[in-house]
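Inspection log for the structure reproduced underneath, given as structure tokens.
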Amino acid sequence: MGLHCNDKEQLVTESIAGEIYDQNADQMVITNTENSSSNEGQSDDHLSIDTTDKNSAEEDAYNEWKMRHPSALNKFDKMMSIAKEKKLVVFLDYDGTLSPIVDDPDRAFMSDSMRSAVSKVAQYFPTCIVSGRRRDKVYDFVRLNELYYVGSHGMDIMAPLKCSKNASSSFHEKAIDENGNEVVVFQPAQEFLPIIEEIFDELEEQTKEIPGIMIENNKFCVSVHFRRVDEEYWGVLEEQVVEIANKYPSLHLTRGRKVIEIRPSIKWDKGRALEYLLDTLGFANDGDAIPVYIGDDRTDEDAFKVLRNRGEGYPIIVSSIPKDTKASYSLRDPSEVMSFLSLLFKWKRSSSVDWE
Ligand SMILES: O=P(O)(O)OC[C@H]1O[C@H](O[C@H]2O[C@H](CO)[C@@H](O)[C@H](O)[C@H]2O)[C@H](O)[C@@H](O)[C@@H]1O
């Protein structure tokens, strides 16, 4: 199939500790802070209440970074003044965006207030969840039937049948969704399913002696979580993952937040999924569509890049530390994401009221 690519990541030259996989200074900042476990899963209160030199330097760096990636809350009015006559389409990453980062990936629940904010937004705008997790698992966390769901970093898309232009092409299958509606499921990495299962079993077996390890089967990719693994085991874990991945030339490794993922080497990612959904929802060449994409992780950068290249939409990164990113705007953490979504709902509701 024509989707294979050769950009296998250089895991051998990378380390789980992450000090060397990013080449420029900005990314070093991310990596080191990520692994210091000082601000994961927290709000950024430590930046505002801690008066040590170190933290004021961090605050300065963050403020300097925000000049380049201004807060989507502060810029909301300006963003919406452009969006007024257009059609917003909302794309939301899950972990670290709608739910806070927590130690146990199986307990990354979103709050009821966040669920309500997402649901309200979906009353007015097509809204899609785009996650690295398997699609059924992210659905179980979100549990809103009015949304579109994309799992496995874009490799598992469920779209409505009525507007799916590509329904007859390969990788598509008709299915029935939670509401009993006919839908189309697009899975461009289907042929990799048996290998992914094999790797998942192998990783579980090989790493079972490492305390705290968690291997997650995300259907079209496998995630090796080391958040709860003591640093002394990171080296050996790294070796095991590399050794297994090297046996499968059609797969490659990517990195997320204290997770290494083994994925099919196909030219498909969250960015392609975003384009696919815009297309199937009928916004492909619609100069009137404004995609808003909110995400916190490296795989979200693929979607930010697509928006940059299209020269349209609002790519928004969720981060409480400076990060190298293609996003134009920022939000500090999931609670700011919720504020942004609430503003969006209120803005649309007030502009939809018919003041007779
Ligand atoms: O694309 P996303 O929806 O952001 O998914 C990316 C990965 O998120 C999850 O892992 C991350 O969040 C966990 C829960 O907070 C955390 O424990 C872990 O360290 C993070 O890497 C998910 O478990 C992965 O499968 C996703 O690929």
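Chain lettering (A, B, ...) mirrors the order of the structure tokens, residue numbering begins at 1 for each chain separately, and ligand numbering begins at 1 in order of display.
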
Quick one: residues within 6 Å of ligand 1, with only C-alpha atoms and all ligand atoms, as a list in words?
Asp93, Tyr94, Asp95, Gly96, Pro100, Ile101, Val102, Asp103, Asp104, Pro105, Ala108, Ser131, Gly132, Arg133, Ser223, His225, Arg227, Gly256, Arg257, Lys258 and Val259 of chain A

If you take only C-alpha atoms and a cut-off of 12 Å, which residues of stretch 226-293 of chain A touch stretch 179-201 of chain A, and what are their nearest atom pairs and distances in Å to one decimal, in chain and number order, as CSV?
residue,atom,partner,partner_atom,distance
A:Gln240,CA,A:Ile199,CA,11.7
A:Val241,CA,A:Ile199,CA,9.8
A:Val242,CA,A:Ile199,CA,11.8
A:Glu243,CA,A:Ile199,CA,11.2
A:Ile244,CA,A:Ile199,CA,7.5
A:Ala245,CA,A:Ile199,CA,8.1
A:Asn246,CA,A:Ile199,CA,11.1
A:Lys247,CA,A:Ile199,CA,9.7
A:Tyr248,CA,A:Ile195,CA,8.4
A:Pro249,CA,A:Ile195,CA,11.1
A:Ser250,CA,A:Phe192,CA,8.8
A:Leu251,CA,A:Phe192,CA,8.9
A:His252,CA,A:Ile196,CA,11.6
A:Glu261,CA,A:Phe200,CA,10.8
A:Ile262,CA,A:Ile196,CA,8.4
A:Arg263,CA,A:Ile196,CA,8.2
A:Pro264,CA,A:Phe192,CA,6.8
A:Ser265,CA,A:Ala189,CA,9.0
A:Ile266,CA,A:Ala189,CA,7.3
A:Lys267,CA,A:Pro188,CA,9.4
A:Trp268,CA,A:Pro188,CA,7.7
A:Asp269,CA,A:Pro188,CA,10.2
A:Arg272,CA,A:Pro188,CA,10.9
A:Ala273,CA,A:Phe186,CA,9.7
A:Tyr276,CA,A:Phe186,CA,9.5
A:Leu277,CA,A:Phe186,CA,10.4
A:Thr280,CA,A:Val184,CA,10.1
A:Leu281,CA,A:Val184,CA,11.9

May I have all residues of stretch 242-316 of chain A that DSSP, computed from the backbone, assigns to strand (DSSP E), given as a PDB file with C-alpha atoms, in the first residue's frame?
ATOM      1  CA  LEU A 251       7.469   0.011  12.474  1.00  0.00           C
ATOM      2  CA  HIS A 252       9.129   2.954  14.165  1.00  0.00           C
ATOM      3  CA  LEU A 253       9.343   4.612  17.558  1.00  0.00           C
ATOM      4  CA  THR A 254       7.932   7.916  18.685  1.00  0.00           C
ATOM      5  CA  ARG A 255       7.986   9.722  22.036  1.00  0.00           C
ATOM      6  CA  GLY A 256       5.347  11.265  24.195  1.00  0.00           C
ATOM      7  CA  VAL A 259       5.978   7.092  27.033  1.00  0.00           C
ATOM      8  CA  ILE A 260       7.666   5.463  24.048  1.00  0.00           C
ATOM      9  CA  GLU A 261       5.376   4.253  21.306  1.00  0.00           C
ATOM     10  CA  ILE A 262       5.883   1.700  18.563  1.00  0.00           C
ATOM     11  CA  ARG A 263       3.890   2.595  15.474  1.00  0.00           C
ATOM     12  CA  PRO A 264       3.465   1.504  11.875  1.00  0.00           C
ATOM     13  CA  ALA A 289     -13.904  26.677   7.745  1.00  0.00           C
ATOM     14  CA  ILE A 290     -11.719  27.535  10.711  1.00  0.00           C
ATOM     15  CA  PRO A 291     -10.289  24.464  12.426  1.00  0.00           C
ATOM     16  CA  VAL A 292      -9.353  24.937  16.079  1.00  0.00           C
ATOM     17  CA  TYR A 293      -6.927  22.247  17.287  1.00  0.00           C
ATOM     18  CA  ILE A 294      -5.994  22.009  20.969  1.00  0.00           C
ATOM     19  CA  GLY A 295      -3.315  19.547  22.101  1.00  0.00           C
ATOM     20  CA  TYR A 314      -6.071  28.142  15.328  1.00  0.00           C
ATOM     21  CA  PRO A 315      -3.406  25.691  16.537  1.00  0.00           C
ATOM     22  CA  ILE A 316      -3.325  25.900  20.337  1.00  0.00           C
TER      23      ILE A 316
END

So that I can see what lies close to A:Arg308, please list as a count of residues only the residues with an atom at most 12 Å from it, counting only C-alpha atoms and leaving out residues fewer than 3 positions away in the same chain.
20

Per-residue DSSP, stretch 48-285 of chain A, filtered to helix (DSSP H, G or I), as a ChimeraX atom specification
/A:48-49,53-68,76-83,105-107,112-124,135-142,152-154,190-206,231-246,270-280

Nearest to A:Lys174: which of A:Leu92, A:Ala159, A:Ile321, A:Ile129 is it, counting only C-alpha atoms?
A:Ala159

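Residues lying within 12 Å of A:Pro211, counting only C-alpha atoms and ignoring same-chain neighbours fewer than 5 positions away, are His225, Phe226, Arg227, Arg228, Val229, Asp230, Glu231, Glu232, Tyr233, Trp234, Val236 and Leu237 of chain A.
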
Rounded to one decimal in Å, what is the spacing between atom CA of A:Val142 and atom CA of A:Met110?
7.1 Å

Using only C-alpha atoms, which residues of stretch 157-232 of chain A come within 8 Å of stretch 134-137 of chain A, and what is the closest atom pair for each, with the distance in Å to one decimal? Give it as JSON lines, sorted by chain and residue number.
{"residue": "A:Ile157", "atom": "CA", "partner": "A:Arg135", "partner_atom": "CA", "distance": 7.9}
{"residue": "A:Asn217", "atom": "CA", "partner": "A:Arg134", "partner_atom": "CA", "distance": 7.6}
{"residue": "A:Asn218", "atom": "CA", "partner": "A:Arg134", "partner_atom": "CA", "distance": 4.4}
{"residue": "A:Lys219", "atom": "CA", "partner": "A:Arg134", "partner_atom": "CA", "distance": 5.6}
{"residue": "A:Phe220", "atom": "CA", "partner": "A:Arg134", "partner_atom": "CA", "distance": 7.6}
